[in-house]
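Below is the file coords_10.cif, which contains mmCIF, C-alpha atoms.
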```
data_final
#
loop_
_atom_site.label_atom_id
_atom_site.label_comp_id
_atom_site.auth_asym_id
_atom_site.auth_seq_id
_atom_site.Cartn_x
_atom_site.Cartn_y
_atom_site.Cartn_z
CA MET A 1 0.00 0.00 0.00
CA SER A 2 1.19 3.50 -0.67
CA ALA A 3 2.40 5.73 2.14
CA GLU A 4 -0.22 8.19 0.85
CA TYR A 5 -3.15 5.97 1.74
CA THR A 6 -4.24 2.71 3.31
CA ILE A 7 -7.42 0.76 2.70
CA SER A 8 -8.25 -1.61 5.57
CA ALA A 9 -11.16 -3.95 6.10
CA TYR A 10 -12.97 -6.09 8.65
CA ARG A 11 -15.86 -8.53 8.21
CA GLU A 12 -18.45 -9.84 10.65
CA SER A 13 -21.68 -11.78 10.05
CA GLU A 14 -23.55 -9.83 7.35
CA SER A 15 -21.61 -6.57 7.80
CA SER A 16 -18.27 -5.44 6.54
CA TRP A 17 -16.23 -2.34 7.14
CA ILE A 18 -13.77 -0.64 4.81
CA ARG A 19 -11.58 2.22 6.03
CA CYS A 20 -9.70 4.78 3.99
CA GLU A 21 -6.77 6.47 5.69
CA GLY A 22 -5.18 9.26 3.68
CA LYS A 23 -6.57 10.42 0.38
CA GLY A 24 -9.40 8.51 -1.30
CA SER A 25 -8.50 8.57 -4.98
CA PHE A 26 -8.39 6.71 -8.28
CA GLN A 27 -5.20 5.09 -6.94
CA ASN A 28 -6.91 3.20 -4.12
CA SER A 29 -10.53 3.07 -5.26
CA THR A 30 -9.91 -0.22 -7.08
CA VAL A 31 -8.78 -1.78 -3.79
CA MET A 32 -11.95 -0.53 -2.08
CA LYS A 33 -14.07 -1.83 -4.98
CA GLU A 34 -12.45 -5.29 -4.93
CA GLN A 35 -12.96 -5.54 -1.17
CA ALA A 36 -16.61 -4.49 -1.42
CA GLU A 37 -17.29 -6.90 -4.31
CA SER A 38 -15.73 -9.74 -2.33
CA ASP A 39 -17.85 -8.81 0.68
CA ILE A 40 -21.07 -8.68 -1.37
CA ASN A 41 -20.24 -11.99 -3.09
CA SER A 42 -19.73 -13.47 0.40
CA GLY A 43 -23.24 -12.40 1.43
CA HIS A 44 -22.52 -9.18 3.31
CA LYS A 45 -25.48 -6.81 3.03
CA GLN A 46 -24.23 -3.88 5.06
CA ILE A 47 -20.98 -2.25 4.00
CA THR A 48 -19.72 0.71 5.95
CA ILE A 49 -17.01 2.94 4.53
CA ASP A 50 -15.15 4.62 7.38
CA LEU A 51 -13.85 8.06 6.39
CA GLU A 52 -12.62 9.23 9.79
CA LYS A 53 -8.98 9.45 8.60
CA CYS A 54 -9.77 10.19 4.94
CA LEU A 55 -8.14 13.49 3.98
CA GLY A 56 -10.29 14.02 0.89
CA MET A 57 -11.85 12.14 -2.01
CA ASP A 58 -11.61 12.55 -5.76
CA SER A 59 -14.52 11.90 -8.10
CA THR A 60 -13.29 8.40 -8.98
CA PHE A 61 -13.30 7.36 -5.32
CA MET A 62 -16.80 8.79 -4.82
CA GLY A 63 -17.99 7.19 -8.08
CA THR A 64 -16.68 3.87 -6.82
CA MET A 65 -18.64 4.38 -3.61
CA ALA A 66 -21.72 5.16 -5.74
CA GLY A 67 -21.25 1.93 -7.70
CA ILE A 68 -21.03 -0.08 -4.47
CA ALA A 69 -24.18 1.63 -3.15
CA MET A 70 -26.05 0.89 -6.40
CA ARG A 71 -25.05 -2.76 -6.34
CA LEU A 72 -26.19 -3.08 -2.72
CA ALA A 73 -29.47 -1.32 -3.51
CA LYS A 74 -30.40 -4.24 -5.77
CA LEU A 75 -30.27 -6.63 -2.80
CA PRO A 76 -32.97 -6.92 -0.14
CA ASP A 77 -32.12 -5.13 3.13
CA ALA A 78 -28.69 -4.08 1.84
CA LYS A 79 -27.16 -0.62 2.16
CA LEU A 80 -23.91 1.30 1.93
CA LYS A 81 -23.19 3.40 5.01
CA VAL A 82 -20.58 6.08 5.50
CA ALA A 83 -19.05 6.53 8.95
CA SER A 84 -17.27 9.56 10.38
CA PRO A 85 -16.89 11.76 7.29
CA SER A 86 -15.28 15.13 7.83
CA ASP A 87 -17.51 18.10 7.05
CA ARG A 88 -15.64 18.48 3.76
CA ASN A 89 -16.09 14.82 2.77
CA ARG A 90 -19.77 14.88 3.77
CA GLN A 91 -20.25 18.01 1.66
CA SER A 92 -18.47 16.41 -1.32
CA LEU A 93 -20.80 13.39 -1.17
CA GLU A 94 -23.88 15.57 -0.78
CA ASP A 95 -22.82 17.93 -3.60
CA LEU A 96 -22.90 14.94 -5.95
CA GLY A 97 -26.29 13.78 -4.63
CA LEU A 98 -24.84 10.58 -3.19
CA ASN A 99 -26.66 11.02 0.12
CA ALA A 100 -29.74 9.78 -1.79
CA ILE A 101 -28.18 6.33 -2.32
CA MET A 102 -26.11 5.85 0.85
CA ASP A 103 -26.58 6.50 4.55
CA ILE A 104 -24.13 9.13 5.72
CA ASP A 105 -23.30 9.06 9.43
CA PRO A 106 -25.86 11.14 11.30
CA GLY A 107 -23.14 12.34 13.69
CA ASP A 108 -25.24 11.57 16.74
CA GLY A 109 -22.69 9.20 18.31
CA SER A 110 -24.81 6.09 17.73
CA TRP A 111 -21.92 4.33 15.94
CA ASP A 112 -19.11 5.39 18.26
CA GLU A 113 -18.87 2.21 20.35
CA MET A 114 -19.02 -0.09 17.33
CA LEU A 115 -16.47 1.99 15.41
CA VAL A 116 -13.95 1.85 18.25
CA LYS A 117 -14.23 -1.97 18.29
CA VAL A 118 -14.10 -2.41 14.51
CA ARG A 119 -11.17 -0.03 13.97
CA LYS A 120 -9.02 -2.17 16.26
CA LEU A 121 -9.82 -5.28 14.18
CA MET A 122 -9.20 -3.90 10.69
CA LYS A 123 -6.39 -5.28 8.55
CA PRO A 124 -4.80 -3.58 5.51
CA CYS A 125 -6.05 -4.80 2.14
CA ALA A 126 -3.59 -5.90 -0.49
CA GLU A 127 -3.65 -4.22 -3.87
CA GLY A 128 -5.41 -6.51 -6.29
CA SER A 129 -5.14 -7.19 -9.97
CA SER A 130 -7.51 -4.40 -10.99
CA ALA A 131 -4.97 -1.83 -9.80
CA LEU A 132 -3.46 -2.20 -13.28
CA VAL A 133 -6.74 -1.42 -15.08
CA LYS A 134 -7.25 2.22 -14.13
CA ALA A 135 -8.80 3.86 -17.23
CA PRO A 136 -11.87 1.57 -17.52
CA HIS A 137 -12.40 1.80 -13.75
CA ILE A 138 -12.21 5.61 -13.80
CA LEU A 139 -14.71 5.75 -16.68
CA ASP A 140 -17.10 3.38 -14.89
CA ALA A 141 -16.84 5.37 -11.63
CA HIS A 142 -17.78 8.60 -13.41
CA LYS A 143 -20.69 6.90 -15.19
CA LYS A 144 -21.94 5.76 -11.77
CA LEU A 145 -21.86 9.36 -10.53
CA CYS A 146 -24.05 10.35 -13.47
CA GLU A 147 -26.44 7.46 -12.81
CA ALA A 148 -26.67 8.46 -9.15
CA ASP A 149 -27.72 12.04 -9.94
CA ASP A 150 -28.55 13.42 -13.40
CA ARG A 151 -27.02 16.79 -12.47
CA ASN A 152 -23.60 15.13 -12.43
CA ALA A 153 -23.71 14.52 -16.19
CA GLU A 154 -22.97 18.20 -16.83
CA LYS A 155 -20.30 18.33 -14.13
CA PHE A 156 -18.38 15.39 -15.59
CA ALA A 157 -19.15 15.72 -19.31
CA THR A 158 -15.59 16.71 -20.24
CA VAL A 159 -14.06 13.91 -18.15
CA LEU A 160 -16.46 11.34 -19.61
CA ASN A 161 -15.83 12.48 -23.18
CA PHE A 162 -12.07 12.28 -22.66
CA LEU A 163 -12.20 8.84 -21.00
CA GLU A 164 -14.58 7.42 -23.61
CA ALA A 165 -12.35 8.69 -26.44
CA GLU A 166 -9.31 7.17 -24.71
CA ALA A 167 -11.10 3.83 -24.27
CA LYS A 168 -12.16 3.84 -27.92
CA ALA A 169 -8.62 4.63 -29.07
CA ARG A 170 -7.26 1.69 -27.06
CA GLN A 171 -9.67 -0.81 -28.63
CA PRO A 172 -8.15 -2.96 -31.33
CA ASN A 173 -9.45 -2.24 -34.83
CA THR A 174 -11.90 -4.88 -35.93
#
```

Before anything else, please render the file you have as structure tokens.
Amino acid sequence: MSAEYTISAYRESESSWIRCEGKGSFQNSTVMKEQAESDINSGHKQITIDLEKCLGMDSTFMGTMAGIAMRLAKLPDAKLKVASPSDRNRQSLEDLGLNAIMDIDPGDGSWDEMLVKVRKLMKPCAEGSSALVKAPHILDAHKKLCEADDRNAEKFATVLNFLEAEAKARQPNT
């Protein structure tokens, strides 16, 4: 894991916890996505992303969170939760309309005891194979942001156009 960030995780019964320490970015969003997909495939219906030590998030990281939330929304009684976001991170999520598809920590202290326990049990995640496949992941993350809230299409139109053109240019001619 980079000295810039660490993604850690812990699983219990039907819940899993993923923690981002440092910056949440395109560099570590694939690790978060792989962990969440593994958790969902293992039957976990509640995934909590702990942002207590997250210094900030780029659009790819938030788009990855949106994709996880959308996948969970298709399952009965499943939900993505966000624990301990800073005011800035909460605002970033809300500015993109992601509070409509995930539960953002109410800040009332109801999670405090559980978070203290879970944080002691978390283990760093290893970087997986998808770390090498950044461009398609970044494109997918931005598409998820647009699916989550139509207003994001205008915000990310230039990024999407660029990434789609890059993906098309990389395809072999058939």

Given the file shown, enumerate the residues that the PyMOL selection byres ((chain A and resi 9-26) around 8) captures and present them as a tab-separated table (two decimals) with C-alpha atoms, in the coordinates of the input.
```tsv
chain	number	residue	atom	x	y	z
A	4	GLU	CA	-0.22	8.19	0.85
A	5	TYR	CA	-3.15	5.97	1.74
A	6	THR	CA	-4.24	2.71	3.31
A	7	ILE	CA	-7.42	0.76	2.70
A	8	SER	CA	-8.25	-1.61	5.57
A	27	GLN	CA	-5.20	5.09	-6.94
A	28	ASN	CA	-6.91	3.20	-4.12
A	29	SER	CA	-10.53	3.07	-5.26
A	30	THR	CA	-9.91	-0.22	-7.08
A	32	MET	CA	-11.95	-0.53	-2.08
A	35	GLN	CA	-12.96	-5.54	-1.17
A	36	ALA	CA	-16.61	-4.49	-1.42
A	39	ASP	CA	-17.85	-8.81	0.68
A	43	GLY	CA	-23.24	-12.40	1.43
A	44	HIS	CA	-22.52	-9.18	3.31
A	45	LYS	CA	-25.48	-6.81	3.03
A	46	GLN	CA	-24.23	-3.88	5.06
A	47	ILE	CA	-20.98	-2.25	4.00
A	48	THR	CA	-19.72	0.71	5.95
A	49	ILE	CA	-17.01	2.94	4.53
A	50	ASP	CA	-15.15	4.62	7.38
A	51	LEU	CA	-13.85	8.06	6.39
A	52	GLU	CA	-12.62	9.23	9.79
A	53	LYS	CA	-8.98	9.45	8.60
A	54	CYS	CA	-9.77	10.19	4.94
A	55	LEU	CA	-8.14	13.49	3.98
A	56	GLY	CA	-10.29	14.02	0.89
A	57	MET	CA	-11.85	12.14	-2.01
A	58	ASP	CA	-11.61	12.55	-5.76
A	59	SER	CA	-14.52	11.90	-8.10
A	60	THR	CA	-13.29	8.40	-8.98
A	61	PHE	CA	-13.30	7.36	-5.32
A	118	VAL	CA	-14.10	-2.41	14.51
A	121	LEU	CA	-9.82	-5.28	14.18
A	122	MET	CA	-9.20	-3.90	10.69
A	123	LYS	CA	-6.39	-5.28	8.55
A	124	PRO	CA	-4.80	-3.58	5.51
A	125	CYS	CA	-6.05	-4.80	2.14
A	134	LYS	CA	-7.25	2.22	-14.13
A	138	ILE	CA	-12.21	5.61	-13.80
```

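Atom CA of A:Ile101 to atom CA of A:Lys120 spans 28.0 Å [interatomic distance, one decimal].
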
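Ranking A:Glu147, A:Glu164, A:Glu34, A:Asp105 by their shortest atom-to-atom distance to A:Arg90, with all atoms listed in the file included, puts A:Asp105 first.
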
Residues picked by the PyMOL selection byres ((chain A and resi 106) around 12) here, as a ChimeraX atom specification? /A:81-87,90,99,102-105,107-112

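Between atom CA of A:Ser38 and atom CA of A:Glu166 lies a distance of 28.8 Å.
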
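If you measure from each of A:Phe162, A:Leu115, A:Val31, A:Gly97 to A:Asp150 using all atoms listed in the file, the closest one turns out to be A:Gly97.
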
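In terms of minimum interatomic distance to A:His137, A:Gly67 ranks closest within A:Asn161, A:Leu93, A:Ile40, A:Gly67, counting all atoms listed in the file.
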
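One finds atom CA of A:Asn152 at 13.6 Å from atom CA of A:Leu139.
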
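For the set A:Ala148, A:Leu80, A:Thr64, A:Asp140, the residue with the smallest atom-to-atom gap to A:Leu98 is A:Ala148, counting all atoms listed in the file.
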
Have a look at A:Phe156, A:Arg119, A:Lys144, A:Arg88 and name the one nearest to A:Arg71; count only C-alpha atoms. A:Lys144
